[in-house]
Amino acid sequence: MKRISIIFSILVAAVTVTAQTSKEINFDQLKAKVEKGKMETQHPKKGVKPKTWIKLGELYMDVYDAQILRAYVGMDPNTFMLVVGNPLKKEQIEEDGAVIDKYIFDRVTFYFNQGKLERWEVTKPVVEKPLDLAYESFIKAKELDAKNKSDKKIAEDLTKLKGLYVNEGSNAYTLKKYKEAFEFFKKVIEIGQNPLLNHKDTAIYYYAGLSAQLGNLLEECIPFYQKAIELEFTSEGSAYYNIYDAYKNLGKADEGLKYLEQGFLKFPKNTNILFALISHYIDKQEDPAKIITYIDKAIENEPNNTSLHFAKGTLYDRLEDFDNAVACYTKAIELDPNFFDAYYNLGALYFNRGVKYIEEANKVPAKELEKYDALMDKANAEFKKAIPYMEGAYKANPQSKEALEALKNIYFRFRNENPEMKTKYEECVNKLKELQ
């Protein structure tokens, strides 16, 4: 899966930034406060009061916030400098083709991607796992609150704690510590299910499943995807494909097939689902054309859905059913005259037929000149049929190097037939240089 920058930023609860900067954080004092708070929970009188445990839980949340110097995911460098201060050292590294800025502090290192804080690594923690300790403290406070007098306060703290867990889950995910991210997101869900909150964290179920899957926890990811689907958060159908992929890697592809079938009907634009359906039927030595049934059902409900006609064309394309593929791509273009993929695939169909005729011609013995010429004439006819569709693709997306390369090759082939083809060839060469 490709790198996802700050994927969970939209899920992070609002963070209230205090006026205190990292320069003013006294870590020794903070650690002493924690020790004092822990001692108070052991006191025979104070230890049975909910407010003692609430105070300790809030202190652990403050420790978490202090350890990352009050920073949060998505922070821009200017805000970071105002809230956190200047780092001891700055570095640049390259990861997955992206330039990452590292801000190094004594206790923590921050990573910025495209001008946004993406993740951090705490190198000198004041307390290990402060969020878990905070959660345990709030649960203890609720146990001691027999008269429910502290419900409102505990609920407020649990809501804030959820946001911090999402923040840390996002961080672990971008650090590629997927198993840790899974545990953080599970905790978010657990807190949300607390009767004091009763929140339905729809998106978190999906991201918990995704983190588990990337951490190779395949059995564990499935129920989270199932819940995400139930709550209708599927990331444009990705949950359906991902759950099938998990079943497949567990050797249970047949159990996961129903998710591909359901997912395709709801998200016909998701090519991962379509191609997985085709591959599944091929692997089972069954006719992949069965998928046409699903596509036709969807088209009955949405006859003007260009993506469905395109998907049907793609299927026929893979089945090497040329005429039906052409008909479906043509229909998609009729419905959407700017549909780049339909233009390009249709042009590619004719172009590839031309290539096949050339391959056949090259196998003809030298003495059979007439047969050779006949095949080359057929090839040229197919290349010329491809031109208007590749030109349509280029018009729909002038930044497409693929369309330009195809046009350049075709124009080059016919550059000596007329001046227009030569001129167009030269234009393609120049445009490709501009796009480099």
# chains A, B, ... in the order shown; residues from 1 in each chain; ligands from 1
>>> select_by_dssp(residues="segment 105-191 of chain A", states="alpha helix (DSSP H)", output="PyMOL selection string")
chain A and resi 130-144+151-174+178-191
>>> write_last_selection(atoms="C-alpha atoms", output="short mmCIF file (atom, residue, chain, number, x, y, z; two decimals), in the first residue's frame")
data_model
loop_
_atom_site.label_atom_id
_atom_site.label_comp_id
_atom_site.auth_asym_id
_atom_site.auth_seq_id
_atom_site.Cartn_x
_atom_site.Cartn_y
_atom_site.Cartn_z
CA PRO A 130 0.75 7.41 29.91
CA LEU A 131 -2.50 7.07 27.94
CA ASP A 132 -3.11 3.54 29.21
CA LEU A 133 -2.41 4.69 32.77
CA ALA A 134 -4.82 7.60 32.31
CA TYR A 135 -7.53 5.23 31.10
CA GLU A 136 -7.03 2.90 34.05
CA SER A 137 -7.30 5.88 36.40
CA PHE A 138 -10.60 7.09 34.92
CA ILE A 139 -12.07 3.57 35.05
CA LYS A 140 -11.06 3.33 38.71
CA ALA A 141 -12.65 6.73 39.38
CA LYS A 142 -15.93 5.49 37.90
CA GLU A 143 -15.81 2.33 40.03
CA LEU A 144 -15.48 4.45 43.17
CA ASP A 151 -20.01 11.18 35.54
CA LYS A 152 -19.86 14.47 33.66
CA LYS A 153 -16.21 15.09 34.53
CA ILE A 154 -15.14 11.52 33.74
CA ALA A 155 -17.04 11.65 30.42
CA GLU A 156 -15.24 14.87 29.46
CA ASP A 157 -11.87 13.33 30.30
CA LEU A 158 -12.65 10.12 28.41
CA THR A 159 -13.63 12.15 25.35
CA LYS A 160 -10.30 13.99 25.45
CA LEU A 161 -8.47 10.71 26.03
CA LYS A 162 -10.11 9.25 22.92
CA GLY A 163 -8.72 12.11 20.86
CA LEU A 164 -5.22 11.49 22.23
CA TYR A 165 -5.48 7.78 21.42
CA VAL A 166 -6.51 8.62 17.84
CA ASN A 167 -3.56 11.02 17.68
CA GLU A 168 -1.19 8.31 18.86
CA GLY A 169 -2.75 5.70 16.60
CA SER A 170 -2.18 7.96 13.61
CA ASN A 171 1.39 8.46 14.75
CA ALA A 172 2.06 4.74 15.12
CA TYR A 173 0.53 4.11 11.69
CA THR A 174 2.80 6.61 9.94
CA TYR A 178 0.90 -1.19 12.62
CA LYS A 179 0.36 -3.54 15.55
CA GLU A 180 0.74 -0.63 17.96
CA ALA A 181 -1.65 1.47 15.87
CA PHE A 182 -4.16 -1.39 16.03
CA GLU A 183 -3.99 -1.44 19.83
CA PHE A 184 -4.49 2.34 20.02
CA PHE A 185 -7.52 2.24 17.74
CA LYS A 186 -9.00 -0.68 19.66
CA LYS A 187 -8.72 1.44 22.77
CA VAL A 188 -10.54 4.31 21.04
CA ILE A 189 -13.42 1.94 20.26
CA GLU A 190 -13.43 0.54 23.80
CA ILE A 191 -13.61 4.00 25.33
#
>>> residues_around(residues="segment 244-255 of chain A", least_positions_apart="5", cutoff="12 Å", atoms="only C-alpha atoms", output="MDAnalysis selection string")
chainID A and resid 209:210 212:226 237:239 260:263 272:273 276:277 279:281 283:284
>>> write_last_selection(atoms="N, CA and C atoms", output="mmCIF file, in the first residue's frame")
data_model
loop_
_atom_site.group_PDB
_atom_site.id
_atom_site.type_symbol
_atom_site.label_atom_id
_atom_site.label_comp_id
_atom_site.auth_asym_id
_atom_site.auth_seq_id
_atom_site.Cartn_x
_atom_site.Cartn_y
_atom_site.Cartn_z
ATOM 1 N N GLY A 209 -9.067 -2.063 11.510
ATOM 2 C CA GLY A 209 -8.927 -3.216 10.620
ATOM 3 C C GLY A 209 -7.742 -3.083 9.693
ATOM 4 N N LEU A 210 -7.574 -1.886 9.132
ATOM 5 C CA LEU A 210 -6.456 -1.650 8.212
ATOM 6 C C LEU A 210 -5.118 -1.807 8.920
ATOM 7 N N ALA A 212 -4.486 -3.569 11.643
ATOM 8 C CA ALA A 212 -4.292 -4.984 11.953
ATOM 9 C C ALA A 212 -3.841 -5.753 10.713
ATOM 10 N N GLN A 213 -4.463 -5.472 9.579
ATOM 11 C CA GLN A 213 -4.120 -6.173 8.341
ATOM 12 C C GLN A 213 -2.681 -5.877 7.931
ATOM 13 N N LEU A 214 -2.289 -4.620 7.990
ATOM 14 C CA LEU A 214 -0.916 -4.258 7.631
ATOM 15 C C LEU A 214 0.088 -4.837 8.623
ATOM 16 N N GLY A 215 -0.366 -5.090 9.850
ATOM 17 C CA GLY A 215 0.484 -5.727 10.851
ATOM 18 C C GLY A 215 0.425 -7.247 10.793
ATOM 19 N N ASN A 216 -0.213 -7.761 9.724
ATOM 20 C CA ASN A 216 -0.343 -9.202 9.478
ATOM 21 C C ASN A 216 -1.177 -9.903 10.552
ATOM 22 N N LEU A 217 -2.068 -9.159 11.189
ATOM 23 C CA LEU A 217 -2.999 -9.743 12.146
ATOM 24 C C LEU A 217 -4.310 -10.006 11.392
ATOM 25 N N LEU A 218 -4.278 -10.997 10.540
ATOM 26 C CA LEU A 218 -5.371 -11.192 9.587
ATOM 27 C C LEU A 218 -6.672 -11.629 10.242
ATOM 28 N N GLU A 219 -6.606 -12.548 11.195
ATOM 29 C CA GLU A 219 -7.822 -12.970 11.883
ATOM 30 C C GLU A 219 -8.437 -11.794 12.639
ATOM 31 N N GLU A 220 -7.571 -10.961 13.238
ATOM 32 C CA GLU A 220 -8.044 -9.855 14.064
ATOM 33 C C GLU A 220 -8.682 -8.733 13.249
ATOM 34 N N CYS A 221 -8.214 -8.547 12.010
ATOM 35 C CA CYS A 221 -8.713 -7.412 11.222
ATOM 36 C C CYS A 221 -10.144 -7.626 10.735
ATOM 37 N N ILE A 222 -10.543 -8.872 10.542
ATOM 38 C CA ILE A 222 -11.831 -9.169 9.900
ATOM 39 C C ILE A 222 -13.034 -8.602 10.659
ATOM 40 N N PRO A 223 -13.158 -8.833 11.985
ATOM 41 C CA PRO A 223 -14.354 -8.293 12.668
ATOM 42 C C PRO A 223 -14.434 -6.775 12.644
ATOM 43 N N PHE A 224 -13.288 -6.103 12.563
ATOM 44 C CA PHE A 224 -13.309 -4.634 12.517
ATOM 45 C C PHE A 224 -13.790 -4.145 11.151
ATOM 46 N N TYR A 225 -13.359 -4.816 10.092
ATOM 47 C CA TYR A 225 -13.885 -4.475 8.765
ATOM 48 C C TYR A 225 -15.383 -4.769 8.693
ATOM 49 N N GLN A 226 -15.800 -5.884 9.275
ATOM 50 C CA GLN A 226 -17.222 -6.233 9.251
ATOM 51 C C GLN A 226 -18.052 -5.151 9.943
ATOM 52 N N GLY A 237 -15.341 1.641 -0.613
ATOM 53 C CA GLY A 237 -15.364 0.224 -0.959
ATOM 54 C C GLY A 237 -14.122 -0.544 -0.562
ATOM 55 N N SER A 238 -13.094 0.144 -0.075
ATOM 56 C CA SER A 238 -11.837 -0.540 0.262
ATOM 57 C C SER A 238 -12.034 -1.606 1.331
ATOM 58 N N ALA A 239 -12.961 -1.378 2.259
ATOM 59 C CA ALA A 239 -13.186 -2.368 3.320
ATOM 60 C C ALA A 239 -13.614 -3.710 2.731
ATOM 61 N N LEU A 260 -16.668 -9.275 -1.901
ATOM 62 C CA LEU A 260 -16.380 -8.726 -3.230
ATOM 63 C C LEU A 260 -17.674 -8.499 -3.998
ATOM 64 N N GLU A 261 -18.580 -9.461 -3.922
ATOM 65 C CA GLU A 261 -19.837 -9.352 -4.661
ATOM 66 C C GLU A 261 -20.681 -8.185 -4.141
ATOM 67 N N GLN A 262 -20.764 -8.065 -2.816
ATOM 68 C CA GLN A 262 -21.509 -6.952 -2.219
ATOM 69 C C GLN A 262 -20.826 -5.623 -2.531
ATOM 70 N N GLY A 263 -19.508 -5.620 -2.402
ATOM 71 C CA GLY A 263 -18.750 -4.391 -2.620
ATOM 72 C C GLY A 263 -18.842 -3.896 -4.040
ATOM 73 N N ASN A 272 -10.104 -2.424 -7.693
ATOM 74 C CA ASN A 272 -9.526 -3.516 -6.902
ATOM 75 C C ASN A 272 -10.556 -4.625 -6.704
ATOM 76 N N ILE A 273 -11.783 -4.223 -6.416
ATOM 77 C CA ILE A 273 -12.855 -5.204 -6.218
ATOM 78 C C ILE A 273 -13.135 -5.947 -7.525
ATOM 79 N N ALA A 276 -10.284 -8.285 -8.431
ATOM 80 C CA ALA A 276 -10.229 -9.403 -7.484
ATOM 81 C C ALA A 276 -11.319 -10.418 -7.798
ATOM 82 N N LEU A 277 -12.507 -9.930 -8.195
ATOM 83 C CA LEU A 277 -13.581 -10.839 -8.605
ATOM 84 C C LEU A 277 -13.159 -11.668 -9.810
ATOM 85 N N SER A 279 -10.093 -12.346 -10.863
ATOM 86 C CA SER A 279 -9.014 -13.269 -10.483
ATOM 87 C C SER A 279 -9.551 -14.453 -9.690
ATOM 88 N N HIS A 280 -10.527 -14.178 -8.827
ATOM 89 C CA HIS A 280 -11.093 -15.269 -8.021
ATOM 90 C C HIS A 280 -11.714 -16.341 -8.918
ATOM 91 N N TYR A 281 -12.513 -15.899 -9.887
ATOM 92 C CA TYR A 281 -13.157 -16.866 -10.780
ATOM 93 C C TYR A 281 -12.128 -17.600 -11.644
ATOM 94 N N ASP A 283 -8.978 -18.204 -10.732
ATOM 95 C CA ASP A 283 -8.306 -19.143 -9.827
ATOM 96 C C ASP A 283 -9.144 -20.390 -9.586
ATOM 97 N N LYS A 284 -10.460 -20.214 -9.587
ATOM 98 C CA LYS A 284 -11.358 -21.346 -9.356
ATOM 99 C C LYS A 284 -11.696 -22.071 -10.658
#
>>> closest_residue(among="A:Ile282, A:Ile100, A:Met39, A:Ala208", to="Gln114 of chain A", atoms="only C-alpha atoms")
A:Ile100
>>> residues_around(residues="Ala379 of chain A", least_positions_apart="6", cutoff="9 Å", atoms="only C-alpha atoms", output="PDB file with N, CA and C atoms, in the first residue's frame")
ATOM      1  N   PHE A 351      -4.701  -0.026 -30.827  1.00  0.00           N
ATOM      2  CA  PHE A 351      -3.238   0.010 -30.922  1.00  0.00           C
ATOM      3  C   PHE A 351      -2.662  -1.399 -30.733  1.00  0.00           C
ATOM      4  N   ARG A 353      -4.116  -4.261 -31.194  1.00  0.00           N
ATOM      5  CA  ARG A 353      -4.435  -5.114 -32.353  1.00  0.00           C
ATOM      6  C   ARG A 353      -3.448  -4.862 -33.483  1.00  0.00           C
ATOM      7  N   GLY A 354      -3.075  -3.595 -33.659  1.00  0.00           N
ATOM      8  CA  GLY A 354      -2.073  -3.267 -34.664  1.00  0.00           C
ATOM      9  C   GLY A 354      -0.750  -3.939 -34.372  1.00  0.00           C
ATOM     10  N   VAL A 355      -0.359  -3.933 -33.080  1.00  0.00           N
ATOM     11  CA  VAL A 355       0.899  -4.573 -32.676  1.00  0.00           C
ATOM     12  C   VAL A 355       0.862  -6.074 -32.970  1.00  0.00           C
ATOM     13  N   LYS A 356      -0.290  -6.701 -32.720  1.00  0.00           N
ATOM     14  CA  LYS A 356      -0.402  -8.147 -32.975  1.00  0.00           C
ATOM     15  C   LYS A 356      -0.252  -8.475 -34.462  1.00  0.00           C
ATOM     16  N   TYR A 357      -0.811  -7.613 -35.329  1.00  0.00           N
ATOM     17  CA  TYR A 357      -0.660  -7.837 -36.772  1.00  0.00           C
ATOM     18  C   TYR A 357       0.808  -7.715 -37.185  1.00  0.00           C
ATOM     19  N   ILE A 358       1.514  -6.783 -36.575  1.00  0.00           N
ATOM     20  CA  ILE A 358       2.943  -6.638 -36.878  1.00  0.00           C
ATOM     21  C   ILE A 358       3.704  -7.882 -36.430  1.00  0.00           C
TER      22      ILE A 358
END
>>> atom_distance(atom1="atom CA of Asp341 of chain A", atom2="atom CA of Glu391 of chain A")
12.2 Å
>>> closest_residue(among="A:Pro268, A:Val127, A:Ser150, A:Ala289", to="Glu35 of chain A", atoms="only C-alpha atoms")
A:Val127
>>> select_by_dssp(residues="segment 22-198 of chain A", states="strand (DSSP E or B)", output="list of chain:residue names")
A:Lys89, A:Lys90, A:Glu91, A:Gln92, A:Ile93, A:Glu94, A:Glu95, A:Ala98, A:Val99, A:Ile100, A:Asp101, A:Lys102, A:Tyr103, A:Ile104, A:Val108, A:Thr109, A:Phe110, A:Tyr111, A:Phe112, A:Asn113, A:Lys116, A:Leu117, A:Glu118, A:Arg119, A:Trp120, A:Glu121, A:Val122
>>> atom_distance(atom1="atom CA of Asn380 of chain A", atom2="atom CA of Ser400 of chain A")
23.7 Å
>>> closest_residue(among="A:Tyr259, A:Phe383, A:Tyr241, A:Phe264", to="Asn352 of chain A", atoms="only C-alpha atoms")
A:Phe383
>>> atom_distance(atom1="atom CA of Glu426 of chain A", atom2="atom CA of Glu359 of chain A")
26.7 Å
>>> closest_residue(among="A:Leu196, A:Leu346, A:Phe275, A:Lys149", to="Arg318 of chain A", atoms="only C-alpha atoms")
A:Phe275
